[in-house]
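Engineer: Right, I'll just put the structure down here and ask away after.
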Amino acid sequence: MSTQPQTPETGDTAGEEAQVVVVGAGPAGSTAAVFLARAGLDVLLLEKGDFPRDKVCGDGLTPRGVHQLVKMGIDINAPGWNRSRGMRWVCGGREVLIDWPSNGRYPDFGLTRSRHDFDHLLVQHAADAGARLRVGTKVTGPVTDRAGRITGVTAEVGKDKRPVTFRAPVVIAAEGASARTALAMGLERDPVRPLATAARRYYRSAARTDDPYLELWADLRCSRTGRDLPGYGWIFPLGDGRVNVGLGGLPHRKHGPLDLRGSLDLWLARLPEEWGLTEENADSPLRSAALPMGFNRRPQYSRGLLLVGDAGGMISPWSGEGIAQAMEAAEVAAETVALALTRPAGPQRERALGRYAEEMTRRWGRYYRLGNVVGDQVFSRVGYRPLLNRRTMASPVLLNTLARLLTHLTDQPAADTIDSVLNTVVRLVPAGGRRR
Ligand SMILES: Cc1cc2nc3c(=O)[nH]c(=O)nc-3n(C[C@H](O)[C@H](O)[C@H](O)COP(=O)(O)OP(=O)(O)OC[C@H]3O[C@@H](n4cnc5c(N)ncnc54)[C@H](O)[C@@H]3O)c2cc1C
């Protein structure tokens with residue numbers, strides 16, 4: 001990649017030391033590295049792949065994600081970014097346009113950009129900020145002290161899989177859904193909490209690539225069960241001649257796994273021919289991946305290790321959105337670590353590090369708890385169709401309320417009545433115990 005890959009010197013099995021090691025350079029890891037480096041910390045960012053590289057995703061950012069990019073100083077006016085004005089929801093032969101809210105603290109537009117470019121840009125930003133990036137570095141496990149506290153990680157570096165140890169008093173696990181480091185530290189996924197699956201494919205579509213709205217379909221069928229898909233489909237314009245088309249869902253344990261390929265075929269067969277979403281216009285294979293949601297791996301801080309993004313199950317159970325969440329959590333993690341490292345090693349620093357999990361629970365705990373219940377009781381059984389009934393589709397107020405609830409675009413303090421109502425509903429959800 002153009003940011004010098006900087007793999008450790010050949011034969012350097014003794015490894016390297018830093019103040020913080022970050023495992024994984026997706027949105028979570030690169031964002032954490034940016035904020036840590038800006039705080040003046042020596043940070044090693046370890047990535048098993050190289051850039052640019054692909055990542056299975058819908059490539060869509062709501063204004064919440066745009067907000068994070070602006071905070072990081074990413075130039076979103078540069079070429080390559082594609083703006084969205086809002087969402088178009090399609091259900092039961094009807095469609096509605098919902099513009100992103102314009103009166104809150106978030107920007108009033110969303111963005112799309114392929115993860116191939118997006119992740120490359122972010123990691124470059126981290127390297128420019130001063131993070132020491134090591135690509136081709138696959139982390140294989142934690143290094144711990146006698147008390148079981150993490151003090152670094154082991155990795156295989158380069159094609160010859162040279163073993164190298166990277167040491168730091170604090171490690172951030174940002175390696176995505178695999179959550180390898182977290183698992184090796186005994187942090188298992190909570191099987192009761194949601195794990196969705198989704199698949200996407202790129203198509204060349206002159207008709208749809210410049211659509212100013214993100215399009216979402218709520219009335220898809222699962223080809224295997226013949227029932228409503230317990231999720232939704234999307235067509236996200238990329239503005240470069242392509243669209244990102246995909247679908248995902250939260251399969252209910254009673255109904256078994258989803259047939260994403262078959263369900264996509266069923267859906268595409270319904271779409272107008274002139275959109276060109278056909279085999280000959282496909283620009284990639286169909287690829288799928290898991291979406292760990294609703295804080296499904298906890299605690300998010302334990303014995304020197306912070307879990308950020310998909311590694312901590314931070315995808316929204318309401319929408320399946322995870323990029324903004326990964327970046328926001330990464331900023332909180334970086335700030336927490338920077339403050340904690342001003343304290344001497346020991347109980348004081350430990351308490352300061354523990355604040356990360358507390359802060360994430362404070363920000364999203366109730367909202368995710370409610371989302372997990374709605375996901376289990378509604379989305380996984382009947383999908384989104386009942387929410388988008390004739391009455392909702394005909395009422396701008398109901399639509400805006402639903403849109404803001406699903407995309408977490410409420411403001412605090414409330415910017416208007418819709419925010420007030422939603423904030424009150426979420427406040428009424430019990431906070432739960434420490435591990436909830
Ligand atoms: C089909 C699909 C569509 C989606 N659509 C959207 C969408 O439109 N908008 C949205 O906001 N979210 C979407 N998501 C969710 C989003 O992709 C994730 O939430 C987001 O990528 C999480 O970022 P992350 O940095 O935590 O993890 P990742 O993006 O997975 O990054 C993890 C990084 O760690 C590296 N890594 C892994 N293991 C190791 C190791 N052992 N050693 C070193 N490096 C390692 C990986 O190579 C990768 O670079 C979608 C997900 C799927 C599956």
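Identifiers in the structure tokens: chain A, B, ... in order shown; residue index from 1 per chain; ligand index from 1 in order shown.
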Quick one: which chain A residues come within 7 Å of ligand 1, and what is the nearest atom pair for each with the distance in Å to one decimal, counting only C-alpha atoms and all ligand atoms, rows ordered by chain and ascending number, as JSON lines?

Structural biologist:
```
{"residue": "A:Val23", "atom": "CA", "partner": "ligand 1", "partner_atom_place_in_ligand_line": "43 (C)", "distance": 5.3}
{"residue": "A:Gly24", "atom": "CA", "partner": "ligand 1", "partner_atom_place_in_ligand_line": "34 (O)", "distance": 3.2}
{"residue": "A:Ala25", "atom": "CA", "partner": "ligand 1", "partner_atom_place_in_ligand_line": "49 (O)", "distance": 4.6}
{"residue": "A:Gly26", "atom": "CA", "partner": "ligand 1", "partner_atom_place_in_ligand_line": "31 (O)", "distance": 3.5}
{"residue": "A:Pro27", "atom": "CA", "partner": "ligand 1", "partner_atom_place_in_ligand_line": "25 (O)", "distance": 4.0}
{"residue": "A:Ala28", "atom": "CA", "partner": "ligand 1", "partner_atom_place_in_ligand_line": "25 (O)", "distance": 3.7}
{"residue": "A:Gly29", "atom": "CA", "partner": "ligand 1", "partner_atom_place_in_ligand_line": "25 (O)", "distance": 5.6}
{"residue": "A:Leu46", "atom": "CA", "partner": "ligand 1", "partner_atom_place_in_ligand_line": "43 (C)", "distance": 5.4}
{"residue": "A:Glu47", "atom": "CA", "partner": "ligand 1", "partner_atom_place_in_ligand_line": "44 (N)", "distance": 3.8}
{"residue": "A:Lys48", "atom": "CA", "partner": "ligand 1", "partner_atom_place_in_ligand_line": "43 (C)", "distance": 3.9}
{"residue": "A:Gly49", "atom": "CA", "partner": "ligand 1", "partner_atom_place_in_ligand_line": "47 (O)", "distance": 5.2}
{"residue": "A:Lys55", "atom": "CA", "partner": "ligand 1", "partner_atom_place_in_ligand_line": "29 (O)", "distance": 6.7}
{"residue": "A:Val56", "atom": "CA", "partner": "ligand 1", "partner_atom_place_in_ligand_line": "1 (C)", "distance": 5.2}
{"residue": "A:Cys57", "atom": "CA", "partner": "ligand 1", "partner_atom_place_in_ligand_line": "3 (C)", "distance": 3.4}
{"residue": "A:Gly58", "atom": "CA", "partner": "ligand 1", "partner_atom_place_in_ligand_line": "8 (O)", "distance": 3.3}
{"residue": "A:Asp59", "atom": "CA", "partner": "ligand 1", "partner_atom_place_in_ligand_line": "8 (O)", "distance": 4.3}
{"residue": "A:Gly60", "atom": "CA", "partner": "ligand 1", "partner_atom_place_in_ligand_line": "8 (O)", "distance": 3.7}
{"residue": "A:Leu61", "atom": "CA", "partner": "ligand 1", "partner_atom_place_in_ligand_line": "11 (O)", "distance": 5.4}
{"residue": "A:Thr137", "atom": "CA", "partner": "ligand 1", "partner_atom_place_in_ligand_line": "43 (C)", "distance": 5.8}
{"residue": "A:Lys138", "atom": "CA", "partner": "ligand 1", "partner_atom_place_in_ligand_line": "42 (N)", "distance": 3.7}
{"residue": "A:Val139", "atom": "CA", "partner": "ligand 1", "partner_atom_place_in_ligand_line": "42 (N)", "distance": 3.8}
{"residue": "A:Thr140", "atom": "CA", "partner": "ligand 1", "partner_atom_place_in_ligand_line": "41 (N)", "distance": 5.7}
{"residue": "A:Ala174", "atom": "CA", "partner": "ligand 1", "partner_atom_place_in_ligand_line": "26 (O)", "distance": 5.4}
{"residue": "A:Glu175", "atom": "CA", "partner": "ligand 1", "partner_atom_place_in_ligand_line": "34 (O)", "distance": 3.4}
{"residue": "A:Gly176", "atom": "CA", "partner": "ligand 1", "partner_atom_place_in_ligand_line": "27 (O)", "distance": 3.5}
{"residue": "A:Ala177", "atom": "CA", "partner": "ligand 1", "partner_atom_place_in_ligand_line": "30 (O)", "distance": 6.0}
{"residue": "A:Ser178", "atom": "CA", "partner": "ligand 1", "partner_atom_place_in_ligand_line": "38 (N)", "distance": 6.4}
{"residue": "A:Arg180", "atom": "CA", "partner": "ligand 1", "partner_atom_place_in_ligand_line": "41 (N)", "distance": 6.2}
{"residue": "A:Thr197", "atom": "CA", "partner": "ligand 1", "partner_atom_place_in_ligand_line": "53 (C)", "distance": 6.4}
{"residue": "A:Ala198", "atom": "CA", "partner": "ligand 1", "partner_atom_place_in_ligand_line": "1 (C)", "distance": 4.1}
{"residue": "A:Ala199", "atom": "CA", "partner": "ligand 1", "partner_atom_place_in_ligand_line": "1 (C)", "distance": 4.2}
{"residue": "A:Arg200", "atom": "CA", "partner": "ligand 1", "partner_atom_place_in_ligand_line": "1 (C)", "distance": 5.2}
{"residue": "A:Gly246", "atom": "CA", "partner": "ligand 1", "partner_atom_place_in_ligand_line": "1 (C)", "distance": 6.7}
{"residue": "A:Gly248", "atom": "CA", "partner": "ligand 1", "partner_atom_place_in_ligand_line": "1 (C)", "distance": 6.8}
{"residue": "A:Ser288", "atom": "CA", "partner": "ligand 1", "partner_atom_place_in_ligand_line": "1 (C)", "distance": 5.4}
{"residue": "A:Ala289", "atom": "CA", "partner": "ligand 1", "partner_atom_place_in_ligand_line": "53 (C)", "distance": 4.2}
{"residue": "A:Ala290", "atom": "CA", "partner": "ligand 1", "partner_atom_place_in_ligand_line": "53 (C)", "distance": 5.2}
{"residue": "A:Leu291", "atom": "CA", "partner": "ligand 1", "partner_atom_place_in_ligand_line": "53 (C)", "distance": 5.5}
{"residue": "A:Val308", "atom": "CA", "partner": "ligand 1", "partner_atom_place_in_ligand_line": "26 (O)", "distance": 6.2}
{"residue": "A:Gly309", "atom": "CA", "partner": "ligand 1", "partner_atom_place_in_ligand_line": "26 (O)", "distance": 3.5}
{"residue": "A:Asp310", "atom": "CA", "partner": "ligand 1", "partner_atom_place_in_ligand_line": "26 (O)", "distance": 3.9}
{"residue": "A:Ala311", "atom": "CA", "partner": "ligand 1", "partner_atom_place_in_ligand_line": "26 (O)", "distance": 5.8}
{"residue": "A:Ile315", "atom": "CA", "partner": "ligand 1", "partner_atom_place_in_ligand_line": "19 (O)", "distance": 5.3}
{"residue": "A:Gly320", "atom": "CA", "partner": "ligand 1", "partner_atom_place_in_ligand_line": "14 (N)", "distance": 6.0}
{"residue": "A:Glu321", "atom": "CA", "partner": "ligand 1", "partner_atom_place_in_ligand_line": "11 (O)", "distance": 3.7}
{"residue": "A:Gly322", "atom": "CA", "partner": "ligand 1", "partner_atom_place_in_ligand_line": "19 (O)", "distance": 3.2}
{"residue": "A:Ile323", "atom": "CA", "partner": "ligand 1", "partner_atom_place_in_ligand_line": "11 (O)", "distance": 3.7}
{"residue": "A:Ala324", "atom": "CA", "partner": "ligand 1", "partner_atom_place_in_ligand_line": "11 (O)", "distance": 5.6}
{"residue": "A:Ala326", "atom": "CA", "partner": "ligand 1", "partner_atom_place_in_ligand_line": "26 (O)", "distance": 5.2}
```

Engineer: Residues near segment 39-45 of chain A, anyone? I mean within 7 Å using only C-alpha atoms, not counting same-chain ones fewer than 2 positions away, as a list in words.

Structural biologist: Ala18, Gln19, Val20, Val21, Val22, Val23, Gly24, Ala25, Ala33, Phe35, Leu36, Ala37, Glu47, Ala131, Arg132, Leu133, Arg134 and Ala338 of chain A

Engineer: Can you tell me, as a list in words, which residues in segment 65-96 of chain A count as alpha helix (DSSP H) by DSSP?

Structural biologist: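 These are the residues in question: Gly65, Val66, His67, Gln68, Leu69, Val70, Lys71 and Met72 of chain A.
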
Engineer: What is the atom CA of Ser205 of chain A to atom CA of Val243 of chain A distance in Å?

Structural biologist: 6.4 Å

Engineer: For Gly73 of chain A, find every residue with an atom within 12 Å (counting only C-alpha atoms), except residues of its own chain fewer than 6 positions away, and show them as JSON, numbers by chain.

Structural biologist: {"A": [31, 34, 35, 38, 66, 67, 121, 122, 125, 126, 128, 129]}

Engineer: Neighbours of Glu335 of chain A within 10 Å (only C-alpha atoms; same-chain residues fewer than 4 positions away dropped), as a PyMOL selection string?

Structural biologist: chain A and resi 32+35-36+39+329-331+339-340+353+356

Engineer: Write out as a PyMOL selection string each polymer residue whose atoms come within 8 Å of Leu268 of chain A, counting only C-alpha atoms; drop sequence neighbours fewer than 3 positions from it.

Structural biologist: chain A and resi 264-265+271+277-278

Engineer: Please report the interatomic distance between atom CA of Ala207 of chain A and atom CA of Arg242 of chain A in Å with one decimal.

Structural biologist: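 Here the two named atoms are 9.5 Å from each other.
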
Engineer: Just the residues within 6 Å of segment 148-157 of chain A, please, counting only C-alpha atoms, with nothing from its chain fewer than 6 positions along; format it as a list in words.

Structural biologist: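 Contacts, with the query itself left out: Gly136, Thr137, Lys138, Val139, Thr140, Gly141, Pro142, Pro163, Val164, Thr165, Phe166, Arg167, Ala168, Pro169, Arg303 and Gly304 of chain A.
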
Engineer: Could you write out the selected residues, including all heavy atoms, as a tab-separated table (two decimals), in the first residue's frame?

Structural biologist:
```tsv
chain	number	residue	atom	x	y	z
A	136	GLY	N	0.30	-7.21	7.07
A	136	GLY	CA	0.80	-8.58	6.91
A	136	GLY	C	1.16	-9.19	8.26
A	136	GLY	O	2.02	-10.06	8.36
A	137	THR	N	0.47	-8.73	9.30
A	137	THR	CA	0.79	-9.14	10.67
A	137	THR	C	-0.45	-9.75	11.30
A	137	THR	O	-1.34	-9.04	11.77
A	137	THR	CB	1.28	-7.92	11.48
A	137	THR	OG1	2.41	-7.36	10.81
A	137	THR	CG2	1.66	-8.27	12.90
A	138	LYS	N	-0.50	-11.08	11.30
A	138	LYS	CA	-1.69	-11.76	11.80
A	138	LYS	C	-1.51	-12.11	13.28
A	138	LYS	O	-0.65	-12.92	13.63
A	138	LYS	CB	-1.94	-13.03	11.00
A	138	LYS	CG	-3.18	-13.75	11.43
A	138	LYS	CD	-3.44	-14.96	10.56
A	138	LYS	CE	-4.69	-15.66	11.03
A	138	LYS	NZ	-5.00	-16.81	10.23
A	139	VAL	N	-2.33	-11.48	14.10
A	139	VAL	CA	-2.23	-11.73	15.54
A	139	VAL	C	-2.78	-13.13	15.84
A	139	VAL	O	-3.85	-13.52	15.37
A	139	VAL	CB	-3.00	-10.64	16.33
A	139	VAL	CG1	-3.13	-11.01	17.80
A	139	VAL	CG2	-2.28	-9.31	16.17
A	140	THR	N	-2.00	-13.89	16.61
A	140	THR	CA	-2.39	-15.29	16.87
A	140	THR	C	-2.88	-15.50	18.30
A	140	THR	O	-3.55	-16.50	18.57
A	140	THR	CB	-1.20	-16.23	16.59
A	140	THR	OG1	-0.05	-15.69	17.25
A	140	THR	CG2	-0.93	-16.35	15.10
A	141	GLY	N	-2.54	-14.60	19.20
A	141	GLY	CA	-3.02	-14.78	20.56
A	141	GLY	C	-2.46	-13.75	21.51
A	141	GLY	O	-1.55	-13.00	21.16
A	142	PRO	N	-3.03	-13.67	22.71
A	142	PRO	CA	-2.55	-12.70	23.69
A	142	PRO	C	-1.31	-13.21	24.43
A	142	PRO	O	-1.11	-14.42	24.54
A	142	PRO	CB	-3.73	-12.59	24.66
A	142	PRO	CG	-4.46	-13.89	24.56
A	142	PRO	CD	-4.19	-14.45	23.20
A	163	PRO	N	7.28	-15.62	13.60
A	163	PRO	CA	6.64	-15.26	14.87
A	163	PRO	C	7.26	-14.00	15.48
A	163	PRO	O	8.48	-13.89	15.56
A	163	PRO	CB	6.92	-16.49	15.76
A	163	PRO	CG	8.13	-17.13	15.16
A	163	PRO	CD	8.15	-16.79	13.70
A	164	VAL	N	6.41	-13.06	15.84
A	164	VAL	CA	6.86	-11.80	16.45
A	164	VAL	C	5.94	-11.48	17.62
A	164	VAL	O	4.74	-11.73	17.55
A	164	VAL	CB	6.83	-10.63	15.43
A	164	VAL	CG1	7.28	-9.33	16.08
A	164	VAL	CG2	7.70	-10.92	14.22
A	165	THR	N	6.53	-10.95	18.69
A	165	THR	CA	5.72	-10.55	19.84
A	165	THR	C	5.68	-9.02	19.93
A	165	THR	O	6.70	-8.36	19.75
A	165	THR	CB	6.35	-11.11	21.14
A	165	THR	OG1	6.40	-12.52	21.01
A	165	THR	CG2	5.50	-10.76	22.36
A	166	PHE	N	4.49	-8.49	20.15
A	166	PHE	CA	4.30	-7.05	20.30
A	166	PHE	C	3.81	-6.80	21.71
A	166	PHE	O	2.81	-7.40	22.13
A	166	PHE	CB	3.27	-6.54	19.28
A	166	PHE	CG	3.69	-6.73	17.85
A	166	PHE	CD1	3.39	-7.91	17.17
A	166	PHE	CD2	4.40	-5.75	17.19
A	166	PHE	CE1	3.79	-8.09	15.86
A	166	PHE	CE2	4.81	-5.92	15.86
A	166	PHE	CZ	4.49	-7.10	15.20
A	167	ARG	N	4.51	-5.94	22.45
A	167	ARG	CA	4.15	-5.75	23.87
A	167	ARG	C	3.64	-4.34	24.14
A	167	ARG	O	4.13	-3.37	23.56
A	167	ARG	CB	5.37	-6.02	24.75
A	167	ARG	CG	5.81	-7.46	24.71
A	167	ARG	CD	6.93	-7.75	25.70
A	167	ARG	NE	7.44	-9.09	25.46
A	167	ARG	CZ	6.89	-10.20	25.93
A	167	ARG	NH1	5.83	-10.13	26.69
A	167	ARG	NH2	7.40	-11.38	25.64
A	168	ALA	N	2.65	-4.28	25.03
A	168	ALA	CA	2.12	-2.97	25.48
A	168	ALA	C	1.31	-3.21	26.75
A	168	ALA	O	0.74	-4.29	26.93
A	168	ALA	CB	1.22	-2.36	24.41
A	169	PRO	N	1.20	-2.20	27.62
A	169	PRO	CA	0.40	-2.38	28.83
A	169	PRO	C	-1.10	-2.41	28.56
A	169	PRO	O	-1.86	-2.84	29.41
A	169	PRO	CB	0.77	-1.16	29.69
A	169	PRO	CG	1.35	-0.17	28.74
A	169	PRO	CD	1.95	-0.93	27.60
A	303	ARG	N	-8.97	-6.91	32.07
A	303	ARG	CA	-7.55	-7.22	32.25
A	303	ARG	C	-6.63	-6.66	31.15
A	303	ARG	O	-5.89	-7.39	30.51
A	303	ARG	CB	-7.38	-8.74	32.35
A	303	ARG	CG	-8.01	-9.33	33.61
A	303	ARG	CD	-8.08	-10.83	33.54
A	303	ARG	NE	-9.04	-11.26	32.55
A	303	ARG	CZ	-8.93	-12.34	31.78
A	303	ARG	NH1	-7.87	-13.09	31.89
A	303	ARG	NH2	-9.85	-12.65	30.91
A	304	GLY	N	-6.78	-5.36	30.92
A	304	GLY	CA	-5.89	-4.68	29.97
A	304	GLY	C	-6.38	-4.71	28.53
A	304	GLY	O	-5.74	-4.14	27.65
```

Engineer: Pick out the closest residue to Asp228 of chain A from this set: A:Val170, A:Val378, A:Leu195, A:Val245. Count only C-alpha atoms.

Structural biologist: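 Residue with the minimum atom-to-atom distance to Asp228 of chain A: A:Val378.
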
Engineer: Which distance in Å separates atom CA of Met360 of chain A and atom CA of Ile418 of chain A, to one decimal?

Structural biologist: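 Computing it gives 23.6 Å between the two atoms.
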
Engineer: Would you list, as a ChimeraX atom specification, the residues of segment 173-416 of chain A that end up in strand (DSSP E) under DSSP run on this structure's backbone?

Structural biologist: /A:173,195-204,213-217,231-237,242-249,287-292,301-302,305-307

Engineer: List the spatial neighbours of segment 402-406 of chain A as a short mmCIF file (atom, residue, chain, number, x, y, z; two decimals) with all heavy atoms, in the first residue's frame - criterion: any atom at most 9 Å away, only C-alpha atoms, same-chain residues fewer than 2 positions off excluded.

Structural biologist:
```cif
data_model
loop_
_atom_site.label_atom_id
_atom_site.label_comp_id
_atom_site.auth_asym_id
_atom_site.auth_seq_id
_atom_site.Cartn_x
_atom_site.Cartn_y
_atom_site.Cartn_z
N MET A 87 -33.33 8.29 3.12
CA MET A 87 -33.64 6.89 2.79
C MET A 87 -34.94 6.82 1.99
O MET A 87 -35.85 7.61 2.23
CB MET A 87 -33.83 6.08 4.07
CG MET A 87 -32.58 5.99 4.92
SD MET A 87 -32.91 5.07 6.45
CE MET A 87 -33.80 6.26 7.41
N ILE A 98 -37.52 9.59 3.12
CA ILE A 98 -37.34 10.20 4.45
C ILE A 98 -35.98 10.89 4.44
O ILE A 98 -34.95 10.22 4.36
CB ILE A 98 -37.35 9.12 5.55
CG1 ILE A 98 -38.61 8.27 5.42
CG2 ILE A 98 -37.27 9.74 6.93
CD1 ILE A 98 -38.46 6.91 6.03
N TRP A 100 -32.72 12.80 5.89
CA TRP A 100 -32.03 12.78 7.18
C TRP A 100 -32.43 14.00 7.98
O TRP A 100 -32.65 15.07 7.38
CB TRP A 100 -30.50 12.78 6.98
CG TRP A 100 -29.97 11.62 6.19
CD1 TRP A 100 -29.32 11.68 5.00
CD2 TRP A 100 -30.00 10.22 6.54
NE1 TRP A 100 -28.95 10.43 4.57
CE2 TRP A 100 -29.37 9.51 5.50
CE3 TRP A 100 -30.52 9.51 7.62
CZ2 TRP A 100 -29.23 8.13 5.52
CZ3 TRP A 100 -30.37 8.13 7.64
CH2 TRP A 100 -29.74 7.45 6.61
N PRO A 101 -32.53 13.90 9.31
CA PRO A 101 -32.95 15.07 10.09
C PRO A 101 -31.98 16.24 9.88
O PRO A 101 -30.78 16.03 9.72
CB PRO A 101 -32.86 14.58 11.54
CG PRO A 101 -32.68 13.11 11.49
CD PRO A 101 -32.22 12.74 10.12
N SER A 316 -25.49 -2.08 15.58
CA SER A 316 -26.83 -1.73 16.09
C SER A 316 -27.82 -2.85 15.81
O SER A 316 -28.00 -3.24 14.65
CB SER A 316 -27.31 -0.44 15.44
OG SER A 316 -28.69 -0.29 15.73
N PRO A 317 -28.52 -3.34 16.85
CA PRO A 317 -29.53 -4.38 16.62
C PRO A 317 -30.76 -3.83 15.91
O PRO A 317 -31.61 -4.59 15.46
CB PRO A 317 -29.88 -4.84 18.04
CG PRO A 317 -29.57 -3.69 18.92
CD PRO A 317 -28.43 -2.95 18.27
N TRP A 318 -30.85 -2.51 15.78
CA TRP A 318 -32.01 -1.90 15.11
C TRP A 318 -31.85 -1.90 13.60
O TRP A 318 -32.83 -1.99 12.88
CB TRP A 318 -32.17 -0.45 15.58
CG TRP A 318 -32.60 -0.32 17.00
CD1 TRP A 318 -31.79 -0.12 18.09
CD2 TRP A 318 -33.94 -0.36 17.51
NE1 TRP A 318 -32.55 -0.04 19.23
CE2 TRP A 318 -33.88 -0.17 18.90
CE3 TRP A 318 -35.19 -0.51 16.91
CZ2 TRP A 318 -35.00 -0.15 19.71
CZ3 TRP A 318 -36.31 -0.49 17.71
CH2 TRP A 318 -36.21 -0.31 19.09
N SER A 319 -30.61 -1.72 13.14
CA SER A 319 -30.42 -1.47 11.70
C SER A 319 -29.34 -2.32 11.05
O SER A 319 -29.28 -2.41 9.82
CB SER A 319 -30.02 0.00 11.51
OG SER A 319 -28.79 0.23 12.18
N GLY A 371 -33.45 -2.63 21.55
CA GLY A 371 -33.25 -3.16 20.19
C GLY A 371 -33.12 -4.68 20.19
O GLY A 371 -33.64 -5.36 19.30
N LEU A 387 -43.80 -2.90 10.63
CA LEU A 387 -43.52 -1.51 11.01
C LEU A 387 -43.86 -0.56 9.87
O LEU A 387 -44.21 0.60 10.09
CB LEU A 387 -42.05 -1.34 11.39
CG LEU A 387 -41.54 -2.14 12.59
CD1 LEU A 387 -40.07 -1.85 12.82
CD2 LEU A 387 -42.33 -1.78 13.84
N THR A 392 -48.25 3.76 8.82
CA THR A 392 -46.93 4.39 9.02
C THR A 392 -46.48 5.06 7.73
O THR A 392 -45.99 6.20 7.74
CB THR A 392 -45.87 3.34 9.42
OG1 THR A 392 -46.42 2.46 10.37
CG2 THR A 392 -44.63 3.97 9.96
N VAL A 397 -44.90 11.97 10.33
CA VAL A 397 -44.41 12.01 11.71
C VAL A 397 -44.01 10.60 12.16
O VAL A 397 -42.92 10.38 12.71
CB VAL A 397 -45.48 12.59 12.67
CG1 VAL A 397 -45.04 12.44 14.12
CG2 VAL A 397 -45.73 14.04 12.34
N LEU A 398 -44.89 9.62 11.88
CA LEU A 398 -44.55 8.24 12.27
C LEU A 398 -43.30 7.76 11.54
O LEU A 398 -42.42 7.10 12.11
CB LEU A 398 -45.72 7.30 11.96
CG LEU A 398 -46.93 7.37 12.90
CD1 LEU A 398 -48.02 6.42 12.44
CD2 LEU A 398 -46.51 7.05 14.33
N LEU A 399 -43.21 8.11 10.26
CA LEU A 399 -42.04 7.68 9.47
C LEU A 399 -40.75 8.26 10.02
O LEU A 399 -39.74 7.58 10.16
CB LEU A 399 -42.21 8.12 8.02
CG LEU A 399 -43.03 7.21 7.12
CD1 LEU A 399 -43.23 7.86 5.77
CD2 LEU A 399 -42.34 5.86 6.95
N ASN A 400 -40.80 9.56 10.32
CA ASN A 400 -39.59 10.20 10.85
C ASN A 400 -39.21 9.64 12.21
O ASN A 400 -38.02 9.48 12.52
CB ASN A 400 -39.79 11.71 10.95
CG ASN A 400 -39.49 12.36 9.61
OD1 ASN A 400 -38.39 12.23 9.09
ND2 ASN A 400 -40.47 13.02 9.03
N HIS A 408 -30.70 5.65 15.10
CA HIS A 408 -30.12 6.28 16.29
C HIS A 408 -29.72 7.73 16.02
O HIS A 408 -28.62 8.16 16.39
CB HIS A 408 -28.89 5.47 16.75
CG HIS A 408 -28.65 5.59 18.23
ND1 HIS A 408 -27.59 4.98 18.86
CD2 HIS A 408 -29.32 6.24 19.20
CE1 HIS A 408 -27.63 5.25 20.15
NE2 HIS A 408 -28.67 6.01 20.38
N LEU A 409 -30.61 8.46 15.38
CA LEU A 409 -30.30 9.85 15.06
C LEU A 409 -31.09 10.82 15.92
O LEU A 409 -31.54 11.85 15.46
CB LEU A 409 -30.54 10.12 13.57
CG LEU A 409 -29.46 9.54 12.65
CD1 LEU A 409 -29.82 9.75 11.20
CD2 LEU A 409 -28.08 10.14 12.95
N THR A 410 -31.26 10.45 17.17
CA THR A 410 -31.90 11.40 18.09
C THR A 410 -30.81 12.24 18.75
O THR A 410 -29.68 11.80 18.88
CB THR A 410 -32.67 10.64 19.20
OG1 THR A 410 -31.84 9.61 19.69
CG2 THR A 410 -33.97 10.07 18.69
N ILE A 418 -40.03 14.77 18.38
CA ILE A 418 -39.71 13.36 18.07
C ILE A 418 -38.55 12.89 18.95
O ILE A 418 -38.59 11.82 19.56
CB ILE A 418 -39.39 13.18 16.57
CG1 ILE A 418 -40.63 13.47 15.72
CG2 ILE A 418 -38.86 11.78 16.29
CD1 ILE A 418 -40.43 13.32 14.22
N ASP A 419 -37.51 13.72 19.04
CA ASP A 419 -36.38 13.37 19.90
C ASP A 419 -36.84 13.18 21.35
O ASP A 419 -36.43 12.22 22.02
CB ASP A 419 -35.33 14.49 19.91
CG ASP A 419 -34.42 14.44 18.69
OD1 ASP A 419 -34.61 13.54 17.85
OD2 ASP A 419 -33.54 15.31 18.60
N LEU A 422 -38.67 9.85 21.77
CA LEU A 422 -37.77 8.69 21.68
C LEU A 422 -36.81 8.63 22.87
O LEU A 422 -36.54 7.55 23.42
CB LEU A 422 -37.00 8.70 20.36
CG LEU A 422 -37.86 8.43 19.12
CD1 LEU A 422 -37.04 8.57 17.84
CD2 LEU A 422 -38.46 7.03 19.18
#
```

Engineer: Taking only C-alpha atoms into account, name the residue in A:Leu238, A:Leu258, A:Met327, A:Leu341 that is nearest to Gly110 of chain A.

Structural biologist: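 Among A:Leu238, A:Leu258, A:Met327, A:Leu341, it is A:Leu238 that comes nearest to Gly110 of chain A.
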
Engineer: Nearest to Val143 of chain A among A:Ile74, A:Asp119, A:Val171, A:Ser380, with distances taken over only C-alpha atoms: which residue is it?

Structural biologist: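 Between A:Ile74, A:Asp119, A:Val171, A:Ser380, the residue approaching Val143 of chain A most closely is A:Val171.
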
Engineer: Measuring atom to atom with only C-alpha atoms, identify which of A:Ser84, A:Ala206, A:Arg261, A:Met72 is nearest to Pro285 of chain A.

Structural biologist: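 Once distances to Pro285 of chain A are computed over only C-alpha atoms, the minimum belongs to A:Arg261.
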
Engineer: Return the single residue from A:Asn77, A:Thr225, A:Asp240, A:Arg204 that is closest to Ser114 of chain A, with distances computed using only C-alpha atoms.

Structural biologist: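 Residue with the minimum atom-to-atom distance to Ser114 of chain A: A:Asp240.
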